[in-house]
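Colleague: Okay, so here is final-v3.txt, and as you'll see once you scroll down, it has compact mmCIF, C-alpha atoms.
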# COMPACT_ATOMS: atom_id res chain seq x y z
CA MET A 16 -24.24 19.58 -29.85
CA SER A 17 -22.97 19.59 -33.44
CA THR A 18 -24.83 21.84 -35.90
CA THR A 19 -26.93 20.05 -38.50
CA LEU A 20 -25.80 20.65 -42.08
CA ALA A 21 -27.87 18.10 -43.99
CA GLY A 22 -31.35 17.46 -42.65
CA PRO A 23 -33.59 14.40 -42.87
CA PRO A 24 -35.24 13.24 -46.10
CA GLY A 25 -38.43 15.11 -46.98
CA ALA A 26 -41.28 15.14 -49.45
CA CYS A 27 -39.10 15.43 -52.57
CA CYS A 28 -37.39 12.18 -51.57
CA TRP A 29 -40.61 10.26 -52.18
CA SER A 30 -40.77 11.08 -55.90
CA GLY A 31 -38.76 10.65 -59.07
CA VAL A 32 -38.60 8.72 -62.31
CA LYS A 33 -38.34 4.94 -62.37
CA HIS A 34 -35.75 3.83 -64.91
CA THR A 35 -35.83 0.85 -67.25
CA GLY A 36 -33.21 -1.82 -67.78
CA THR A 37 -32.19 -5.31 -66.79
CA PRO A 38 -30.21 -5.65 -63.56
CA VAL A 39 -27.35 -8.14 -63.75
CA GLY A 40 -26.50 -8.48 -60.04
CA ARG A 41 -27.78 -10.97 -57.51
CA VAL A 42 -29.18 -10.81 -53.99
CA GLU A 43 -27.53 -12.75 -51.16
CA SER A 44 -27.62 -12.53 -47.39
CA ILE A 45 -24.53 -10.97 -45.83
CA GLY A 46 -24.46 -10.45 -42.09
CA GLY A 47 -28.20 -11.06 -41.94
CA LEU A 48 -29.01 -8.40 -44.55
CA ASN A 49 -30.17 -9.00 -48.08
CA THR A 50 -27.41 -7.45 -50.17
CA TYR A 51 -27.35 -6.57 -53.84
CA ILE A 52 -24.06 -7.86 -55.24
CA SER A 53 -22.84 -6.71 -58.63
CA ALA A 54 -19.45 -7.95 -59.77
CA PRO A 55 -17.32 -7.10 -62.80
CA SER A 56 -17.35 -9.76 -65.49
CA ALA A 57 -14.18 -11.78 -66.09
CA VAL A 58 -12.13 -9.51 -63.85
CA VAL A 59 -10.50 -10.24 -60.51
CA THR A 60 -11.05 -7.02 -58.61
CA ARG A 61 -9.29 -5.72 -55.54
CA SER A 62 -11.62 -2.74 -55.21
CA CYS A 63 -15.05 -2.79 -53.59
CA ILE A 64 -17.74 -0.11 -53.43
CA LEU A 65 -20.08 -0.20 -50.44
CA PHE A 66 -23.32 1.26 -51.77
CA PHE A 67 -25.51 2.94 -49.14
CA ALA A 68 -28.81 3.60 -50.87
CA ASP A 69 -31.39 6.33 -50.61
CA VAL A 70 -34.87 5.68 -49.21
CA TYR A 71 -35.73 3.57 -52.26
CA GLY A 72 -33.25 0.91 -51.13
CA PRO A 73 -30.55 -0.97 -53.04
CA LEU A 74 -33.06 -3.33 -54.68
CA PHE A 75 -34.94 -0.54 -56.48
CA ILE A 76 -34.17 -0.83 -60.19
CA ASN A 77 -32.57 2.64 -60.45
CA ASN A 78 -30.15 1.73 -57.69
CA GLN A 79 -29.52 -1.74 -59.12
CA LEU A 80 -28.61 -0.22 -62.49
CA LEU A 81 -26.36 2.33 -60.78
CA GLN A 82 -24.58 -0.43 -58.89
CA ASP A 83 -24.27 -2.41 -62.12
CA TYR A 84 -22.64 0.62 -63.75
CA PHE A 85 -19.97 0.78 -61.06
CA ALA A 86 -19.42 -2.98 -61.42
CA SER A 87 -19.01 -2.61 -65.19
CA CYS A 88 -16.14 -0.22 -64.41
CA GLY A 89 -14.27 -2.93 -62.52
CA PHE A 90 -15.56 -2.66 -58.94
CA LEU A 91 -17.24 -5.26 -56.78
CA VAL A 92 -20.36 -3.50 -55.48
CA LEU A 93 -22.27 -4.42 -52.31
CA GLY A 94 -25.57 -2.73 -51.45
CA PRO A 95 -27.07 -3.66 -48.05
CA ASP A 96 -30.84 -3.50 -47.63
CA TYR A 97 -30.86 -1.74 -44.28
CA PHE A 98 -34.60 -1.15 -44.72
CA PHE A 99 -35.25 -4.90 -44.35
CA GLY A 100 -37.53 -4.96 -47.40
CA ASP A 101 -39.51 -1.93 -46.21
CA ALA A 102 -38.15 0.72 -48.59
CA ILE A 103 -40.28 3.30 -50.43
CA PRO A 104 -41.17 1.10 -53.45
CA ASN A 105 -42.89 -1.38 -51.11
CA HIS A 106 -45.02 1.19 -49.28
CA PRO A 107 -48.78 1.51 -49.76
CA PRO A 108 -49.89 4.95 -51.03
CA ASP A 109 -51.21 6.01 -47.63
CA ARG A 110 -48.03 5.19 -45.69
CA ASP A 111 -46.92 7.92 -43.29
CA ARG A 112 -43.44 8.23 -44.72
CA GLN A 113 -42.18 10.84 -42.31
CA ALA A 114 -43.04 8.54 -39.42
CA TRP A 115 -41.39 5.69 -41.32
CA ILE A 116 -38.14 7.58 -41.88
CA ASN A 117 -38.03 8.50 -38.21
CA SER A 118 -38.29 4.82 -37.25
CA ALA A 119 -36.05 3.38 -39.99
CA ARG A 120 -32.79 5.05 -39.05
CA ALA A 121 -32.03 3.39 -35.71
CA PRO A 122 -32.34 -0.21 -37.00
CA ALA A 123 -30.13 0.64 -39.97
CA ILE A 124 -27.45 2.16 -37.75
CA GLU A 125 -27.60 -0.88 -35.47
CA VAL A 126 -27.22 -3.51 -38.20
CA ILE A 127 -24.49 -1.99 -40.37
CA PRO A 128 -21.52 -2.82 -38.07
CA LYS A 129 -22.47 -6.51 -38.18
CA TRP A 130 -22.85 -6.29 -41.95
CA LEU A 131 -19.41 -4.68 -42.29
CA ASP A 132 -17.83 -7.41 -40.18
CA ALA A 133 -19.40 -10.01 -42.47
CA VAL A 134 -18.14 -8.16 -45.55
CA LYS A 135 -14.63 -8.09 -44.14
CA GLY A 136 -14.89 -11.80 -43.39
CA LEU A 137 -15.97 -12.62 -46.93
CA TYR A 138 -13.76 -10.28 -48.94
CA GLY A 139 -10.87 -9.53 -46.61
CA THR A 140 -9.04 -6.37 -45.66
CA GLU A 141 -5.45 -7.06 -46.67
CA SER A 142 -5.64 -6.79 -50.46
CA MET A 143 -9.18 -5.42 -50.94
CA LYS A 144 -9.55 -1.64 -51.03
CA TYR A 145 -12.96 -0.39 -49.96
CA CYS A 146 -14.74 2.76 -51.09
CA ALA A 147 -18.20 3.90 -50.03
CA VAL A 148 -20.91 5.95 -51.70
CA GLY A 149 -24.04 7.20 -49.95
CA TYR A 150 -27.16 8.68 -51.50
CA CYS A 151 -29.44 10.79 -49.26
CA PHE A 152 -30.24 8.45 -46.30
CA GLY A 153 -26.94 6.59 -46.83
CA ALA A 154 -24.62 9.57 -46.47
CA SER A 155 -23.87 9.31 -42.75
CA PHE A 156 -22.69 5.71 -43.09
CA VAL A 157 -20.09 6.86 -45.60
CA MET A 158 -18.93 9.66 -43.34
CA ASP A 159 -18.48 7.27 -40.44
CA LEU A 160 -16.32 4.98 -42.59
CA ALA A 161 -14.37 7.94 -43.97
CA ALA A 162 -13.66 9.01 -40.38
CA ASP A 163 -12.43 5.69 -39.02
CA GLY A 164 -10.27 4.90 -42.06
CA PHE A 165 -12.07 1.75 -43.19
CA VAL A 166 -12.43 3.12 -46.73
CA VAL A 167 -9.80 4.67 -48.98
CA ALA A 168 -12.31 7.23 -50.29
CA GLY A 169 -15.94 8.24 -49.90
CA ALA A 170 -18.59 9.94 -52.00
CA LEU A 171 -21.97 11.49 -51.26
CA ALA A 172 -24.86 12.51 -53.50
CA HIS A 173 -27.57 14.89 -52.22
CA PRO A 174 -26.83 13.82 -48.62
CA ALA A 175 -29.09 13.75 -45.57
CA PHE A 176 -28.46 13.32 -41.83
CA LEU A 177 -25.10 15.12 -41.63
CA ASP A 178 -23.74 17.34 -38.88
CA GLU A 179 -20.65 19.52 -38.70
CA ILE A 180 -18.91 16.82 -36.68
CA HIS A 181 -19.01 14.46 -39.66
CA PHE A 182 -16.80 16.87 -41.59
CA GLU A 183 -14.62 17.62 -38.57
CA LYS A 184 -13.83 13.90 -38.22
CA LEU A 185 -13.17 13.28 -41.92
CA THR A 186 -9.83 11.55 -42.58
CA ARG A 187 -10.33 10.17 -46.11
CA PRO A 188 -10.87 11.84 -49.50
CA LEU A 189 -14.49 12.86 -50.07
CA LEU A 190 -16.45 13.74 -53.20
CA LEU A 191 -19.79 15.53 -52.87
CA SER A 192 -22.21 15.40 -55.81
CA CYS A 193 -24.80 18.11 -55.23
CA PRO A 194 -27.69 19.80 -56.98
CA GLU A 195 -27.55 23.56 -57.00
CA ASP A 196 -30.92 23.60 -55.21
CA ASP A 197 -31.21 21.08 -52.38
CA HIS A 198 -33.61 21.56 -49.47
CA THR A 199 -31.80 18.85 -47.47
CA PHE A 200 -28.27 20.17 -47.97
CA PRO A 201 -28.74 23.84 -48.91
CA HIS A 202 -26.13 26.19 -50.29
CA GLU A 203 -25.24 27.73 -46.93
CA ALA A 204 -24.69 24.31 -45.36
CA ARG A 205 -22.62 23.18 -48.34
CA ARG A 206 -20.38 26.20 -47.94
CA ARG A 207 -20.02 25.54 -44.21
CA ALA A 208 -18.98 21.96 -44.94
CA GLU A 209 -16.42 23.27 -47.41
CA ASP A 210 -15.08 25.77 -44.89
CA ILE A 211 -14.50 22.95 -42.40
CA MET A 212 -12.71 20.82 -44.98
CA VAL A 213 -10.57 23.75 -46.11
CA ARG A 214 -9.58 24.52 -42.53
CA ASN A 215 -8.71 20.89 -41.85
CA LYS A 216 -6.88 20.53 -45.17
CA SER A 217 -9.10 17.62 -46.16
CA THR A 218 -8.92 16.09 -49.63
CA TYR A 219 -12.28 16.82 -51.24
CA HIS A 220 -14.06 17.64 -54.47
CA PHE A 221 -17.49 19.12 -55.22
CA GLN A 222 -19.69 18.48 -58.22
CA VAL A 223 -22.52 21.02 -58.29
CA PHE A 224 -25.16 20.65 -60.99
CA SER A 225 -27.54 23.39 -62.10
CA GLY A 226 -31.07 22.66 -63.23
CA VAL A 227 -31.58 19.60 -61.02
CA LYS A 228 -32.81 18.98 -57.48
CA HIS A 229 -32.43 16.54 -54.62
CA GLY A 230 -32.54 12.95 -55.87
CA PHE A 231 -31.17 13.67 -59.35
CA ALA A 232 -28.29 11.18 -59.09
CA VAL A 233 -30.71 8.26 -58.63
CA ARG A 234 -34.14 9.31 -59.91
CA GLY A 235 -33.43 11.99 -62.51
CA ASN A 236 -35.59 11.95 -65.64
CA PRO A 237 -33.57 10.48 -68.54
CA ASP A 238 -35.89 12.20 -71.01
CA VAL A 239 -34.78 15.63 -69.78
CA PRO A 240 -31.28 16.29 -71.20
CA GLN A 241 -29.94 18.25 -68.20
CA GLU A 242 -31.22 15.68 -65.72
CA ARG A 243 -29.84 12.78 -67.74
CA TRP A 244 -26.41 14.39 -68.17
CA SER A 245 -26.21 15.36 -64.51
CA LYS A 246 -27.12 11.86 -63.34
CA GLU A 247 -24.60 10.24 -65.67
CA GLU A 248 -21.86 12.75 -64.90
CA SER A 249 -22.42 12.27 -61.17
CA ALA A 250 -21.91 8.52 -61.51
CA ARG A 251 -18.92 8.95 -63.80
CA GLY A 252 -17.30 11.42 -61.43
CA ILE A 253 -17.80 9.10 -58.46
CA LYS A 254 -16.32 6.21 -60.44
CA GLU A 255 -13.27 8.29 -61.40
CA TRP A 256 -12.85 9.47 -57.80
CA PHE A 257 -12.79 5.90 -56.52
CA THR A 258 -10.50 4.76 -59.32
CA ARG A 259 -8.04 7.46 -58.33
CA PHE A 260 -7.73 6.26 -54.74
CA ALA A 261 -8.41 2.53 -55.03
CA GLU A 262 -5.83 1.65 -57.65
Would you encode the structure as structure tokens?

Modeller:
Amino acid sequence: MSTTLAGPPGACCWSGVKHTGTPVGRVESIGGLNTYISAPSAVVTRSCILFFADVYGPLFINNQLLQDYFASCGFLVLGPDYFFGDAIPNHPPDRDRQAWINSARAPAIEVIPKWLDAVKGLYGTESMKYCAVGYCFGASFVMDLAADGFVVAGALAHPAFLDEIHFEKLTRPLLLSCPEDDHTFPHEARRRAEDIMVRNKSTYHFQVFSGVKHGFAVRGNPDVPQERWSKEESARGIKEWFTRFAE
């Protein structure tokens, strides 16, 4: 059995700062899943980011604004709601979230292949270059796509649900955006992942941010300068990584 490097989401995944802004994307059904779609304005794009959200889901405003940012940089962005409307923002205060996370993963894993087939049917595979970014819960979906070659590049931010085998199977360039202190993907596990990628001569890049914790790339506090800069630099770095390989 492959050794776990990034564990499941925990208590710190249920908190964070809700951001303000006006989302500009739309929600449509793709492959039976409500999908947040954010497209660049007045630009015909041949690059698409598949956005695999954290436990707050792609329709949470922070994630919508993040997807809109990537779209403003010239990417078509597609964020599937693999929580089927049952993400953290829709939970009552007394919800047993650990039980929920344990039950949410299997349906998400089951539905994503159908969703990907629908995406390919709508947007094609000949001229469209796909990238994928995964936050926390979404990380393993990116690693699967970066193993089978469907994407030209992948990126993770404070990942969960990763084993050594994910890094052993990696065939595409990977960026990892990490807080210095992350209970889900701790320093020792991060170094082990790096050792595997070094040994396999993978193409990879780490961003490691001090002064922030798990969830910073989505739910960091914009009123705290270090958290705001880290969140924005994470997104900018991911955008530049995808631009490098998708153009």

Colleague: Thr218 in chain A: which residues within 12 Å, counting all atoms listed in the file, same-chain residues fewer than 2 positions away excluded, as number ranges by chain?

Modeller: A: 161, 167-170, 182, 185-191, 209, 211-216, 220-221, 256, 260

Colleague: I'd like the contact shell of Gln79 in chain A - 8 Å cut-off, all atoms listed in the file, skipping same-chain residues fewer than 6 positions apart - returned as a VMD selection string.

Modeller: chain A and resid 38 40 51 73

Colleague: Please report the interatomic distance between CA of Cys151 in chain A and CA of Ala175 in chain A in Å with one decimal.

Modeller: 4.7 Å

Colleague: Separation of CA of Leu171 in chain A and CA of Gly149 in chain A, in Å?

Modeller: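 Spanning CA of Leu171 in chain A to CA of Gly149 in chain A is a straight-line distance of 4.9 Å.
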
Colleague: Within 10 Å of (-16.5, 2.3, -53.8), in the coordinates the file gives, what residues turn up when you count only C-alpha atoms, written out as a PyMOL selection string?

Modeller: chain A and resi 62-66+82+85-86+90-93+144-149+166-170+253-254+256-258+260-261

Colleague: Go ahead and save the residues from that selection, with C-alpha atoms, as a PDB file, in the frame of the given file.

Modeller:
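What follows is the written file result_39.pdb:
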ATOM      1  CA  SER A  62     -11.620  -2.740 -55.210  1.00  0.00           C
ATOM      2  CA  CYS A  63     -15.050  -2.790 -53.590  1.00  0.00           C
ATOM      3  CA  ILE A  64     -17.740  -0.110 -53.430  1.00  0.00           C
ATOM      4  CA  LEU A  65     -20.080  -0.200 -50.440  1.00  0.00           C
ATOM      5  CA  PHE A  66     -23.320   1.260 -51.770  1.00  0.00           C
ATOM      6  CA  GLN A  82     -24.580  -0.430 -58.890  1.00  0.00           C
ATOM      7  CA  PHE A  85     -19.970   0.780 -61.060  1.00  0.00           C
ATOM      8  CA  ALA A  86     -19.420  -2.980 -61.420  1.00  0.00           C
ATOM      9  CA  PHE A  90     -15.560  -2.660 -58.940  1.00  0.00           C
ATOM     10  CA  LEU A  91     -17.240  -5.260 -56.780  1.00  0.00           C
ATOM     11  CA  VAL A  92     -20.360  -3.500 -55.480  1.00  0.00           C
ATOM     12  CA  LEU A  93     -22.270  -4.420 -52.310  1.00  0.00           C
ATOM     13  CA  LYS A 144      -9.550  -1.640 -51.030  1.00  0.00           C
ATOM     14  CA  TYR A 145     -12.960  -0.390 -49.960  1.00  0.00           C
ATOM     15  CA  CYS A 146     -14.740   2.760 -51.090  1.00  0.00           C
ATOM     16  CA  ALA A 147     -18.200   3.900 -50.030  1.00  0.00           C
ATOM     17  CA  VAL A 148     -20.910   5.950 -51.700  1.00  0.00           C
ATOM     18  CA  GLY A 149     -24.040   7.200 -49.950  1.00  0.00           C
ATOM     19  CA  VAL A 166     -12.430   3.120 -46.730  1.00  0.00           C
ATOM     20  CA  VAL A 167      -9.800   4.670 -48.980  1.00  0.00           C
ATOM     21  CA  ALA A 168     -12.310   7.230 -50.290  1.00  0.00           C
ATOM     22  CA  GLY A 169     -15.940   8.240 -49.900  1.00  0.00           C
ATOM     23  CA  ALA A 170     -18.590   9.940 -52.000  1.00  0.00           C
ATOM     24  CA  ILE A 253     -17.800   9.100 -58.460  1.00  0.00           C
ATOM     25  CA  LYS A 254     -16.320   6.210 -60.440  1.00  0.00           C
ATOM     26  CA  TRP A 256     -12.850   9.470 -57.800  1.00  0.00           C
ATOM     27  CA  PHE A 257     -12.790   5.900 -56.520  1.00  0.00           C
ATOM     28  CA  THR A 258     -10.500   4.760 -59.320  1.00  0.00           C
ATOM     29  CA  PHE A 260      -7.730   6.260 -54.740  1.00  0.00           C
ATOM     30  CA  ALA A 261      -8.410   2.530 -55.030  1.00  0.00           C
TER      31      ALA A 261
END

Colleague: Which residues, written as a list in words, have at least one atom at most 12 Å from Asp196 in chain A, with only C-alpha atoms counted and residues fewer than 4 positions away on the same chain left out?

Modeller: Cys27, His173, Ser192, Phe200, Pro201, His202, Glu203, Ala204, Arg205, Val223, Phe224, Ser225, Gly226, Val227, Lys228, His229, Gly230 and Phe231 of chain A

Colleague: Can you tell me, as JSON, the centre and edge lengths (Å, one decimal) of the axis-aligned box enclosing all of range 84-87 of chain A's listed atoms after padding each side by 3 Å?

Modeller:
{"center_x": -20.8, "center_y": -1.1, "center_z": -63.1, "size_x": 9.6, "size_y": 9.8, "size_z": 10.1}

Colleague: Got a sec: who's within 8 Å of range 113-123 of chain A, counting all atoms listed in the file, leaving out chain neighbours fewer than 6 positions off, as a PyMOL selection string?

Modeller: chain A and resi 24-25+97-98

Colleague: Go ahead and compute the interatomic distance for CA of Asn77 in chain A and CA of Pro237 in chain A, in Å to one decimal.

Modeller: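 Answer for the CA of Asn77 in chain A to CA of Pro237 in chain A separation: 11.3 Å.
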
Colleague: How would you write as a PyMOL selection string the residues that get within 10 Å of (-31.5, -9.8, -45.2) in the file's frame, counting all atoms listed in the file?

Modeller: chain A and resi 42-50+95-100+130

Colleague: Would you put the residues from that selection into a file with C-alpha atoms, as a PDB file, in the coordinates of the input?

Modeller:
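Written file, again.pdb:
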ATOM      1  CA  VAL A  42     -29.180 -10.810 -53.990  1.00  0.00           C
ATOM      2  CA  GLU A  43     -27.530 -12.750 -51.160  1.00  0.00           C
ATOM      3  CA  SER A  44     -27.620 -12.530 -47.390  1.00  0.00           C
ATOM      4  CA  ILE A  45     -24.530 -10.970 -45.830  1.00  0.00           C
ATOM      5  CA  GLY A  46     -24.460 -10.450 -42.090  1.00  0.00           C
ATOM      6  CA  GLY A  47     -28.200 -11.060 -41.940  1.00  0.00           C
ATOM      7  CA  LEU A  48     -29.010  -8.400 -44.550  1.00  0.00           C
ATOM      8  CA  ASN A  49     -30.170  -9.000 -48.080  1.00  0.00           C
ATOM      9  CA  THR A  50     -27.410  -7.450 -50.170  1.00  0.00           C
ATOM     10  CA  PRO A  95     -27.070  -3.660 -48.050  1.00  0.00           C
ATOM     11  CA  ASP A  96     -30.840  -3.500 -47.630  1.00  0.00           C
ATOM     12  CA  TYR A  97     -30.860  -1.740 -44.280  1.00  0.00           C
ATOM     13  CA  PHE A  98     -34.600  -1.150 -44.720  1.00  0.00           C
ATOM     14  CA  PHE A  99     -35.250  -4.900 -44.350  1.00  0.00           C
ATOM     15  CA  GLY A 100     -37.530  -4.960 -47.400  1.00  0.00           C
ATOM     16  CA  TRP A 130     -22.850  -6.290 -41.950  1.00  0.00           C
TER      17      TRP A 130
END

Colleague: Counting all atoms listed in the file, which residue out of A:Lys135, A:Phe67, A:Asp83, A:Ile52 sits closest to Met158 in chain A?

Modeller: A:Phe67

Colleague: Between A:Ala102, A:Val233, A:Ala154, A:Ala162, which one has atoms that come closest to Leu74 in chain A, using only C-alpha atoms?

Modeller: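 Of all the options, A:Ala102 lies closest to Leu74 in chain A.
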
Colleague: Of the candidates A:Lys33, A:Lys246, A:Ala208, A:Gly89, which shows the shortest atom-to-atom distance to Glu183 in chain A, using all atoms listed in the file?

Modeller: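 Ranked by minimum distance to Glu183 in chain A, first place goes to A:Ala208.
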
Colleague: Which residues come within 8 Å of Gly31 in chain A, counting all atoms listed in the file, excluding same-chain residues fewer than 3 positions away, as a PyMOL selection string?

Modeller: chain A and resi 28+230+234-236

Colleague: Rank nothing, just name the residue among A:Phe165, A:Ala21, A:Trp244, A:Ala250 nearest to Gly139 in chain A, using only C-alpha atoms.

Modeller: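 Result for the nearest residue to Gly139 in chain A: A:Phe165.
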
Colleague: So, counting all atoms listed in the file, which residue among A:Ser155, A:Val126, A:Arg251, A:Pro194 is closest to Ile180 in chain A?

Modeller: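 For Ile180 in chain A, the nearest of the candidates is A:Ser155.
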